[in-house]
Structures are given as structure tokens and as C-alpha cells.
$ cat data_34.pdb   # PDB, C-alpha atoms
ATOM      1  CA  MET A   1     104.094   3.106 165.484
ATOM      2  CA  HIS A   2     104.271   6.580 166.961
ATOM      3  CA  GLU A   3     107.184   7.415 169.195
ATOM      4  CA  GLU A   4     105.907   7.779 172.733
ATOM      5  CA  THR A   5     108.998   9.694 173.828
ATOM      6  CA  LYS A   6     107.934  12.443 171.439
ATOM      7  CA  VAL A   7     105.244  13.535 173.874
ATOM      8  CA  GLY A   8     106.815  12.374 177.108
ATOM      9  CA  VAL A   9     104.383   9.564 177.863
ATOM     10  CA  ARG A  10     105.011   7.950 181.243
ATOM     11  CA  PRO A  11     103.973   4.344 181.914
ATOM     12  CA  ARG A  12     100.623   4.188 183.691
ATOM     13  CA  ARG A  13      98.561   1.277 184.924
ATOM     14  CA  SER A  14      95.076   2.678 185.235
ATOM     15  CA  GLY A  15      92.115   0.653 183.982
ATOM     16  CA  THR A  16      89.991   3.786 184.155
ATOM     17  CA  LEU A  17      91.791   4.998 181.037
ATOM     18  CA  LEU A  18      90.134   2.286 178.980
ATOM     19  CA  VAL A  19      86.676   3.183 180.308
ATOM     20  CA  SER A  20      87.367   6.831 179.487
ATOM     21  CA  PHE A  21      88.490   5.766 176.003
ATOM     22  CA  LEU A  22      85.351   3.709 175.450
ATOM     23  CA  GLY A  23      83.080   6.528 176.578
ATOM     24  CA  SER A  24      84.729   9.469 174.855
ATOM     25  CA  VAL A  25      86.178   7.868 171.705
ATOM     26  CA  VAL A  26      84.877   4.366 170.891
ATOM     27  CA  ARG A  27      81.208   5.355 171.167
ATOM     28  CA  ARG A  28      81.893   8.077 168.636
ATOM     29  CA  MET A  29      83.355   5.487 166.287
ATOM     30  CA  GLY A  30      80.253   3.331 166.034
ATOM     31  CA  ASN A  31      80.684   1.479 169.359
ATOM     32  CA  TRP A  32      83.405  -0.782 167.947
ATOM     33  CA  MET A  33      87.183  -0.657 168.276
ATOM     34  CA  PRO A  34      89.969  -2.627 166.592
ATOM     35  CA  ILE A  35      92.224  -4.480 169.020
ATOM     36  CA  ALA A  36      95.456  -3.340 167.396
ATOM     37  CA  GLY A  37      94.404   0.303 167.154
ATOM     38  CA  GLY A  38      93.011   0.359 170.663
ATOM     39  CA  VAL A  39      96.171  -1.100 172.193
ATOM     40  CA  GLU A  40      98.326   1.349 170.233
ATOM     41  CA  LEU A  41      96.297   4.350 171.359
ATOM     42  CA  MET A  42      96.242   3.174 174.957
ATOM     43  CA  GLY A  43     100.002   2.821 174.821
ATOM     44  CA  GLN A  44     100.317   6.428 173.747
ATOM     45  CA  VAL A  45      98.528   7.614 176.884
ATOM     46  CA  GLY A  46     100.681   5.377 179.048
ATOM     47  CA  LEU A  47      98.676   2.156 179.479
ATOM     48  CA  ASP A  48     101.041  -0.694 178.598
ATOM     49  CA  PRO A  49      99.773  -3.694 176.580
ATOM     50  CA  PRO A  50      99.512  -6.107 179.538
ATOM     51  CA  SER A  51      97.438  -3.553 181.448
ATOM     52  CA  SER A  52      95.258  -2.956 178.390
ATOM     53  CA  ARG A  53      94.612  -6.672 178.023
ATOM     54  CA  THR A  54      93.779  -6.991 181.724
ATOM     55  CA  ALA A  55      91.385  -4.039 181.548
ATOM     56  CA  VAL A  56      89.695  -5.496 178.453
ATOM     57  CA  PHE A  57      89.369  -8.908 180.119
ATOM     58  CA  ARG A  58      87.686  -7.369 183.163
ATOM     59  CA  LEU A  59      85.245  -5.415 181.037
ATOM     60  CA  LYS A  60      84.408  -8.557 179.085
ATOM     61  CA  GLN A  61      83.662 -10.285 182.384
ATOM     62  CA  ARG A  62      81.364  -7.413 183.327
ATOM     63  CA  GLY A  63      79.486  -7.862 180.080
ATOM     64  CA  TRP A  64      80.694  -4.608 178.523
ATOM     65  CA  LEU A  65      82.657  -5.958 175.563
ATOM     66  CA  VAL A  66      82.066  -8.727 173.045
ATOM     67  CA  SER A  67      84.585  -9.883 170.431
ATOM     68  CA  GLU A  68      83.650  -8.925 166.891
ATOM     69  CA  THR A  69      85.729  -9.057 163.707
ATOM     70  CA  ARG A  70      85.068  -6.525 160.975
ATOM     71  CA  GLY A  71      86.713  -7.236 157.672
ATOM     72  CA  ASP A  72      90.168  -8.482 158.560
ATOM     73  CA  ALA A  73      90.334  -6.549 161.834
ATOM     74  CA  ARG A  74      89.666  -8.246 165.154
ATOM     75  CA  GLY A  75      88.006  -6.008 167.695
ATOM     76  CA  TYR A  76      85.440  -5.488 170.394
ATOM     77  CA  VAL A  77      81.955  -4.024 170.303
ATOM     78  CA  LEU A  78      80.277  -2.249 173.201
ATOM     79  CA  THR A  79      77.303  -4.227 174.486
ATOM     80  CA  PRO A  80      73.942  -2.571 175.222
ATOM     81  CA  LEU A  81      74.847  -2.835 178.917
ATOM     82  CA  ALA A  82      78.028  -0.835 178.370
ATOM     83  CA  GLN A  83      76.304   1.725 176.169
ATOM     84  CA  ARG A  84      73.590   2.232 178.768
ATOM     85  CA  ALA A  85      76.073   2.561 181.636
ATOM     86  CA  LEU A  86      78.210   5.048 179.732
ATOM     87  CA  ALA A  87      75.172   7.075 178.680
ATOM     88  CA  GLU A  88      73.898   7.220 182.246
ATOM     89  CA  GLY A  89      77.210   8.650 183.347
ATOM     90  CA  ASP A  90      77.277  11.348 180.698
ATOM     91  CA  GLU A  91      75.121  13.817 182.597
ATOM     92  CA  VAL A  92      77.507  13.608 185.524
ATOM     93  CA  ILE A  93      80.791  13.431 183.632
ATOM     94  CA  TRP A  94      80.146  15.961 180.882
ATOM     95  CA  HIS A  95      77.782  18.241 182.779
ATOM     96  CA  ALA A  96      79.046  18.542 186.348
ATOM     97  CA  ARG A  97      76.311  18.376 188.933
ATOM     98  CA  GLN A  98      74.687  21.751 189.334
ATOM     99  CA  PRO A  99      74.026  22.871 192.922
ATOM    100  CA  ALA A 100      70.717  21.569 194.238
ATOM    101  CA  ASP A 101      67.982  23.906 195.436
ATOM    102  CA  ILE A 102      68.022  23.853 199.225
ATOM    103  CA  ALA A 103      64.254  24.438 199.250
ATOM    104  CA  ASP A 104      63.710  21.034 197.605
ATOM    105  CA  GLY A 105      64.813  19.234 200.750
ATOM    106  CA  TRP A 106      66.732  16.022 201.253
ATOM    107  CA  CYS A 107      66.568  12.343 200.412
ATOM    108  CA  ILE A 108      67.407   9.967 203.256
ATOM    109  CA  VAL A 109      68.153   6.281 202.700
ATOM    110  CA  ASN A 110      68.179   4.011 205.731
ATOM    111  CA  PHE A 111      68.907   0.337 205.357
ATOM    112  CA  SER A 112      68.779  -2.621 207.691
ATOM    113  CA  VAL A 113      70.484  -5.783 206.486
ATOM    114  CA  PRO A 114      70.782  -8.879 208.676
ATOM    115  CA  GLU A 115      74.278 -10.055 209.569
ATOM    116  CA  SER A 116      73.667 -13.260 207.631
ATOM    117  CA  GLU A 117      73.535 -11.189 204.419
ATOM    118  CA  ARG A 118      76.474  -8.922 205.060
ATOM    119  CA  SER A 119      77.454  -8.923 201.377
ATOM    120  CA  LYS A 120      74.204  -7.115 200.541
ATOM    121  CA  ARG A 121      75.022  -4.528 203.178
ATOM    122  CA  HIS A 122      78.272  -3.809 201.371
ATOM    123  CA  GLN A 123      76.384  -3.661 198.072
ATOM    124  CA  LEU A 124      73.992  -1.040 199.403
ATOM    125  CA  ARG A 125      76.770   1.003 200.950
ATOM    126  CA  ALA A 126      78.756   1.010 197.719
ATOM    127  CA  LEU A 127      75.622   1.816 195.726
ATOM    128  CA  VAL A 128      74.483   4.882 197.635
ATOM    129  CA  SER A 129      78.048   6.138 197.902
ATOM    130  CA  SER A 130      78.479   5.886 194.124
ATOM    131  CA  LEU A 131      75.299   7.929 193.665
ATOM    132  CA  GLY A 132      76.799  10.766 195.703
ATOM    133  CA  PHE A 133      75.122  10.119 199.055
ATOM    134  CA  GLY A 134      76.928  11.057 202.253
ATOM    135  CA  ASN A 135      76.957   9.001 205.430
ATOM    136  CA  VAL A 136      74.972  10.910 208.069
ATOM    137  CA  GLY A 137      74.741   8.121 210.648
ATOM    138  CA  THR A 138      74.757   4.385 211.184
ATOM    139  CA  ALA A 139      73.273   2.835 208.026
ATOM    140  CA  MET A 140      71.806   6.238 207.110
ATOM    141  CA  TRP A 141      72.718   8.200 203.994
ATOM    142  CA  ILE A 142      71.753  11.654 202.745
ATOM    143  CA  ALA A 143      71.680  13.490 199.409
ATOM    144  CA  PRO A 144      69.719  16.321 197.805
ATOM    145  CA  ALA A 145      66.080  15.335 197.195
ATOM    146  CA  ARG A 146      66.597  15.197 193.423
ATOM    147  CA  MET A 147      68.476  11.906 193.969
ATOM    148  CA  LEU A 148      65.274  10.115 195.022
ATOM    149  CA  SER A 149      64.539   8.494 191.650
ATOM    150  CA  ALA A 150      68.150   7.468 191.129
ATOM    151  CA  ALA A 151      68.238   5.812 194.553
ATOM    152  CA  GLU A 152      64.899   4.049 194.049
ATOM    153  CA  ASN A 153      65.850   2.740 190.611
ATOM    154  CA  ALA A 154      69.321   1.568 191.611
ATOM    155  CA  ILE A 155      68.109  -0.190 194.762
ATOM    156  CA  ALA A 156      65.300  -1.872 192.813
ATOM    157  CA  GLU A 157      67.673  -3.048 190.075
ATOM    158  CA  LEU A 158      69.796  -4.770 192.705
ATOM    159  CA  GLY A 159      66.713  -6.347 194.246
ATOM    160  CA  LEU A 160      67.448  -4.798 197.631
ATOM    161  CA  ASP A 161      64.148  -2.951 198.166
ATOM    162  CA  GLU A 162      63.238  -4.921 201.279
ATOM    163  CA  TYR A 163      66.359  -3.726 203.065
ATOM    164  CA  ALA A 164      66.028   0.001 202.356
ATOM    165  CA  ALA A 165      63.683   2.728 203.577
ATOM    166  CA  ILE A 166      63.719   6.012 201.644
ATOM    167  CA  PHE A 167      62.410   9.364 202.906
ATOM    168  CA  VAL A 168      62.266  12.874 201.464
ATOM    169  CA  GLY A 169      61.754  16.015 203.529
ATOM    170  CA  ASP A 170      63.134  19.246 204.943
ATOM    171  CA  TYR A 171      65.857  19.495 207.545
ATOM    172  CA  MET A 172      64.268  20.624 210.821
ATOM    173  CA  GLY A 173      67.095  19.967 213.292
ATOM    174  CA  ARG A 174      68.916  22.511 215.421
ATOM    175  CA  GLN A 175      72.392  21.397 214.467
ATOM    176  CA  ASP A 176      73.989  23.691 211.906
ATOM    177  CA  LEU A 177      73.224  22.165 208.507
ATOM    178  CA  ARG A 178      76.618  23.028 207.056
ATOM    179  CA  SER A 179      78.367  21.265 209.929
ATOM    180  CA  LEU A 180      76.118  18.239 209.540
ATOM    181  CA  LEU A 181      76.824  17.953 205.834
ATOM    182  CA  SER A 182      80.551  18.537 206.297
ATOM    183  CA  ALA A 183      80.564  15.504 208.581
ATOM    184  CA  SER A 184      78.684  13.447 205.979
ATOM    185  CA  TRP A 185      81.057  14.141 203.082
ATOM    186  CA  ASP A 186      84.728  14.958 202.989
ATOM    187  CA  LEU A 187      84.013  18.225 201.211
ATOM    188  CA  ASP A 188      87.548  19.511 201.720
ATOM    189  CA  ALA A 189      88.934  16.491 199.883
ATOM    190  CA  ILE A 190      86.428  16.912 197.037
ATOM    191  CA  ASN A 191      87.329  20.574 196.726
ATOM    192  CA  GLU A 192      91.041  19.759 196.712
ATOM    193  CA  ARG A 193      90.494  17.397 193.775
ATOM    194  CA  TYR A 194      88.830  20.188 191.817
ATOM    195  CA  LYS A 195      91.721  22.487 192.713
ATOM    196  CA  ALA A 196      94.192  19.845 191.544
ATOM    197  CA  PHE A 197      92.404  19.687 188.182
ATOM    198  CA  LEU A 198      92.644  23.460 187.887
ATOM    199  CA  ALA A 199      96.315  23.414 188.804
ATOM    200  CA  ARG A 200      97.038  20.621 186.326
ATOM    201  CA  TYR A 201      95.232  22.031 183.288
ATOM    202  CA  SER A 202      94.849  25.830 183.633
ATOM    203  CA  THR A 203      98.235  26.688 182.155
ATOM    204  CA  GLU A 204      97.963  23.949 179.535
ATOM    205  CA  VAL A 205      94.557  25.123 178.307
ATOM    206  CA  GLU A 206      95.845  28.686 178.180
ATOM    207  CA  GLY A 207      98.805  27.550 176.096
ATOM    208  CA  LEU A 208      96.652  25.451 173.762
ATOM    209  CA  SER A 209      94.294  28.392 173.217
ATOM    210  CA  ALA A 210      97.226  30.489 172.055
ATOM    211  CA  GLN A 211      98.613  27.890 169.628
ATOM    212  CA  LYS A 212      97.863  28.230 165.930
ATOM    213  CA  THR A 213      98.474  24.526 165.367
ATOM    214  CA  ILE A 214      98.274  21.619 167.809
ATOM    215  CA  ASP A 215     100.080  18.340 167.282
ATOM    216  CA  PRO A 216      97.351  15.708 166.619
ATOM    217  CA  GLN A 217      98.943  13.055 168.831
ATOM    218  CA  GLN A 218      99.383  15.541 171.653
ATOM    219  CA  ALA A 219      95.753  16.611 171.235
ATOM    220  CA  PHE A 220      94.589  13.016 171.641
ATOM    221  CA  ILE A 221      96.788  12.311 174.666
ATOM    222  CA  THR A 222      95.899  15.530 176.478
ATOM    223  CA  TYR A 223      92.213  15.107 175.677
ATOM    224  CA  LEU A 224      91.949  11.527 176.915
ATOM    225  CA  ARG A 225      94.037  12.166 180.018
ATOM    226  CA  GLY A 226      91.951  15.235 180.765
ATOM    227  CA  VAL A 227      88.696  13.295 180.389
ATOM    228  CA  ASP A 228      90.075  10.487 182.546
ATOM    229  CA  HIS A 229      91.140  12.947 185.239
ATOM    230  CA  TRP A 230      87.830  14.802 185.178
ATOM    231  CA  ARG A 231      85.400  11.864 185.007
ATOM    232  CA  LYS A 232      86.184  10.780 188.569
ATOM    233  CA  LEU A 233      85.472  14.190 190.101
ATOM    234  CA  PRO A 234      81.731  14.815 189.553
ATOM    235  CA  PHE A 235      80.869  11.322 190.801
ATOM    236  CA  ARG A 236      82.343  12.268 194.179
ATOM    237  CA  ASP A 237      80.476  15.585 194.192
ATOM    238  CA  PRO A 238      76.954  15.372 195.679
ATOM    239  CA  GLY A 239      75.908  18.676 194.101
ATOM    240  CA  LEU A 240      75.024  20.281 197.418
ATOM    241  CA  PRO A 241      73.170  23.628 197.584
ATOM    242  CA  ARG A 242      75.504  26.584 197.207
ATOM    243  CA  GLN A 243      74.438  27.924 200.617
ATOM    244  CA  VAL A 244      76.117  25.059 202.456
ATOM    245  CA  LEU A 245      79.384  25.118 200.516
ATOM    246  CA  ALA A 246      82.528  27.088 201.290
ATOM    247  CA  ALA A 247      83.080  30.395 199.537
ATOM    248  CA  ASP A 248      86.101  28.956 197.692
ATOM    249  CA  TRP A 249      84.231  25.919 196.300
ATOM    250  CA  SER A 250      86.136  25.211 193.078
ATOM    251  CA  ALA A 251      83.723  22.978 191.147
ATOM    252  CA  PRO A 252      82.205  25.691 188.895
ATOM    253  CA  GLN A 253      85.606  27.040 187.856
ATOM    254  CA  ALA A 254      86.914  23.523 187.223
ATOM    255  CA  ALA A 255      83.854  22.662 185.108
ATOM    256  CA  VAL A 256      84.415  25.723 182.911
ATOM    257  CA  LEU A 257      88.053  24.719 182.429
ATOM    258  CA  PHE A 258      87.057  21.171 181.472
ATOM    259  CA  GLU A 259      84.601  22.508 178.897
ATOM    260  CA  GLN A 260      87.376  24.665 177.422
ATOM    261  CA  LEU A 261      89.693  21.654 177.230
ATOM    262  CA  VAL A 262      87.045  19.628 175.413
ATOM    263  CA  SER A 263      86.183  22.485 173.062
ATOM    264  CA  ILE A 264      89.807  22.866 171.975
ATOM    265  CA  LEU A 265      90.824  19.218 171.710
ATOM    266  CA  GLU A 266      87.829  16.934 171.140
ATOM    267  CA  ARG A 267      87.586  17.180 167.350
ATOM    268  CA  ARG A 268      91.345  16.979 166.897
ATOM    269  CA  ALA A 269      91.539  13.966 169.225
ATOM    270  CA  LEU A 270      88.752  12.079 167.445
ATOM    271  CA  ASP A 271      90.219  12.783 164.019
ATOM    272  CA  TYR A 272      93.581  11.461 165.206
ATOM    273  CA  ALA A 273      92.042   8.334 166.770
ATOM    274  CA  ALA A 274      90.093   7.625 163.555
ATOM    275  CA  GLY A 275      93.410   6.973 161.847
ATOM    276  CA  PHE A 276      93.793   3.802 163.909
ATOM    277  CA  TRP A 277      90.480   2.350 162.730
ATOM    278  CA  PRO A 278      90.658   0.091 159.650
ATOM    279  CA  ASP A 279      88.024   2.132 157.783
ATOM    280  CA  VAL A 280      88.702   5.790 158.554
ATOM    281  CA  GLU A 281      85.842   7.036 156.391
ATOM    282  CA  ASP A 282      83.260   4.930 158.183
ATOM    283  CA  ALA A 283      84.710   5.844 161.577
ATOM    284  CA  ALA A 284      84.538   9.528 160.750
ATOM    285  CA  THR A 285      80.948   9.116 159.558
ATOM    286  CA  ALA A 286      80.025   7.442 162.836
ATOM    287  CA  ARG A 287      81.148  10.516 164.715
TER     288      ARG A 287
END

$ encode --input "data_34.pdb" --output "C-alpha cells"
Amino acid sequence: MHEETKVGVRPRRSGTLLVSFLGSVVRRMGNWMPIAGGVELMGQVGLDPPSSRTAVFRLKQRGWLVSETRGDARGYVLTPLAQRALAEGDEVIWHARQPADIADGWCIVNFSVPESERSKRHQLRALVSSLGFGNVGTAMWIAPARMLSAAENAIAELGLDEYAAIFVGDYMGRQDLRSLLSASWDLDAINERYKAFLARYSTEVEGLSAQKTIDPQQAFITYLRGVDHWRKLPFRDPGLPRQVLAADWSAPQAAVLFEQLVSILERRALDYAAGFWPDVEDAATAR
């Protein structure tokens, strides 16, 4: 067992760490992870064993993980549902949303759900919010027009078509568009999150770039924590046209920094993690 105090790991209780681990590491190891190795690695990034077990249990309930023993090692395999969900998030997580073209117009989703089916109202609200839509009015949500297909597909998959009306068109109102959009999203809060990422990792990436050798365990911990920190940010970012964003919008700079972090640490992190798989050769081949 590696000494956690060596790298100053602080206890953390974040189930998102496991999802980040599955997406950025386990998929690269053939979509299967050993229980013992997974728990050990999660402990190194600060997720204690009880929290790891709770996170695994919840993902099993969601249909993401299925128990599977390989050789003498008990483990879990990612289900097709999990693989599909993680793949769908890749374009957002690994390639931050590029600014939309303002000339393409806007997608508006309006839904009307009877009070007797309030739970479906909450489902729709959570759905469009997770896709990056902003709330422009009562039961009305807005996003760049390129989100049309994503909205249609997601609403259809939930079987909520009859409650939603979707429109695409240009903005023709007199109200200043930037003011309207600022009221639909908390753009200041989104920008502050990007700034926090820059503040957290700028100096570290600069230091890593200057190092001739990087401790493998530290590479894994910094990589996974960085991915876990970053993966939440693009999902909150609607990818609005550059013309309606503030001059100090920090997303592009933060995306470049994230790419640098991945470029420096990804291979080292995966090689280190492979050592916790029962068959290192096969795990390395899967990558």
C-alpha cells in the first residue's frame, strides 16, 4: 500500500471522483476494474473506502456496473449503458464547448406539464438544464440552435415529447440580447469556476512542465483530480456566441490549461494505474 501522506492526500467524499475514474482510466483498461485496485487508487485521491463502496453501489443501481471476476480478481465491468453515457460526455468534457455562431439562431424549449404529473416537470427541468439550456421565462428554456438535436433526442428518450414544444429561430426582440442571456444563465458564476480552475492549476502545470521526472503516484493523483475538477465545468457552459460574452471570459484559457495538464500527465497516470490491475500487460494493451 502506498503512503498517502507522501503526497498530502486529504480525505474527500465525492462520488464524482469514481465517475471521473471510470471515464478517464477504467475505459482505457478494457472497461473492467479490480475491486481491490480500484479502492486503493480511489483512496490515494482521497475517497475513503466507505465512500467508494457507496459510490459503486449507486452506479450499480443506475445500471452502470456489473460484477465480474477475472481470474482470481473480483471486479466490475462497465455496462453498455455506462460506456454510452461516458462516450456522450467526452465531447463536452475533453473538448470544451466552442462558442456557437450567433447567426445560427436559438433553440427554445417550452414545456407544459399538468400539476398531477409534477415529477415529469422536474425531469424536464433537470434535463434541459443538464444540456446547457438557460431559463428565459416560466417553463421556457433557451440554448444555441445547435442544441436542437440533443434536446429532441433526450426528451424523446424520456418519453416526454407530449409535454414539450421546441422552436428554432433568430432573436428579434428589442431587449439587449446580452442582458437577456445574462438573466438566463449565471454567467458570472460559470466564469468564476473557470477562473478557479486556472488559479488552482496554472502554477502546478508550469512546475510540472519544468520537471525532468514526475513521481508516478503524484502524476496519477494530479491527473485524476484535474479531470474531476474540469469535467463539471463544460457541462455548465452553454457555449454562447463570443459576441454576448464578457471580454474576460476565461473558458478558452482554462481549456488550453486543461489540455496541457492532460498532455503532461495522462500517459504517466495510466501507466501507474495499470500497476493495480492483476494483468498489467493486458491492461496496458487495452490502452

$ resolve_selection --input "data_34.pdb" --expression "the PyMOL selection byres ((chain A and resi 86) around 12)" --output "mmCIF file with C-alpha atoms, in the coordinates of the input"
data_model
loop_
_atom_site.group_PDB
_atom_site.id
_atom_site.type_symbol
_atom_site.label_atom_id
_atom_site.label_comp_id
_atom_site.auth_asym_id
_atom_site.auth_seq_id
_atom_site.Cartn_x
_atom_site.Cartn_y
_atom_site.Cartn_z
ATOM 1 C CA VAL A 19 86.676 3.183 180.308
ATOM 2 C CA SER A 20 87.367 6.831 179.487
ATOM 3 C CA PHE A 21 88.490 5.766 176.003
ATOM 4 C CA LEU A 22 85.351 3.709 175.450
ATOM 5 C CA GLY A 23 83.080 6.528 176.578
ATOM 6 C CA SER A 24 84.729 9.469 174.855
ATOM 7 C CA VAL A 25 86.178 7.868 171.705
ATOM 8 C CA VAL A 26 84.877 4.366 170.891
ATOM 9 C CA ARG A 27 81.208 5.355 171.167
ATOM 10 C CA ASN A 31 80.684 1.479 169.359
ATOM 11 C CA TRP A 64 80.694 -4.608 178.523
ATOM 12 C CA LEU A 78 80.277 -2.249 173.201
ATOM 13 C CA THR A 79 77.303 -4.227 174.486
ATOM 14 C CA PRO A 80 73.942 -2.571 175.222
ATOM 15 C CA LEU A 81 74.847 -2.835 178.917
ATOM 16 C CA ALA A 82 78.028 -0.835 178.370
ATOM 17 C CA GLN A 83 76.304 1.725 176.169
ATOM 18 C CA ARG A 84 73.590 2.232 178.768
ATOM 19 C CA ALA A 85 76.073 2.561 181.636
ATOM 20 C CA ALA A 87 75.172 7.075 178.680
ATOM 21 C CA GLU A 88 73.898 7.220 182.246
ATOM 22 C CA GLY A 89 77.210 8.650 183.347
ATOM 23 C CA ASP A 90 77.277 11.348 180.698
ATOM 24 C CA GLU A 91 75.121 13.817 182.597
ATOM 25 C CA VAL A 92 77.507 13.608 185.524
ATOM 26 C CA ILE A 93 80.791 13.431 183.632
ATOM 27 C CA TRP A 94 80.146 15.961 180.882
ATOM 28 C CA ARG A 231 85.400 11.864 185.007
#

$ residues_around --input "data_34.pdb" --residues "A:Leu261" --least-positions-apart "3" --cutoff "8 Å" --atoms "only C-alpha atoms" --output "PyMOL selection string"
chain A and resi 205+223+226+257-258+264-266

$ residues_around --input "data_34.pdb" --residues "stretch 134-138 of chain A" --least-positions-apart "4" --cutoff "6 Å" --atoms "all atoms listed in the file" --output "ChimeraX atom specification"
/A:142,184-185

$ closest_residue --input "data_34.pdb" --among "A:Trp249, A:Gly159, A:Asp104, A:Leu177" --to "A:Ala189" --atoms "only C-alpha atoms"
A:Trp249

$ atom_distance --input "data_34.pdb" --atom1 "atom CA of A:Ser179" --atom2 "atom CA of A:Ile155"
28.2 Å
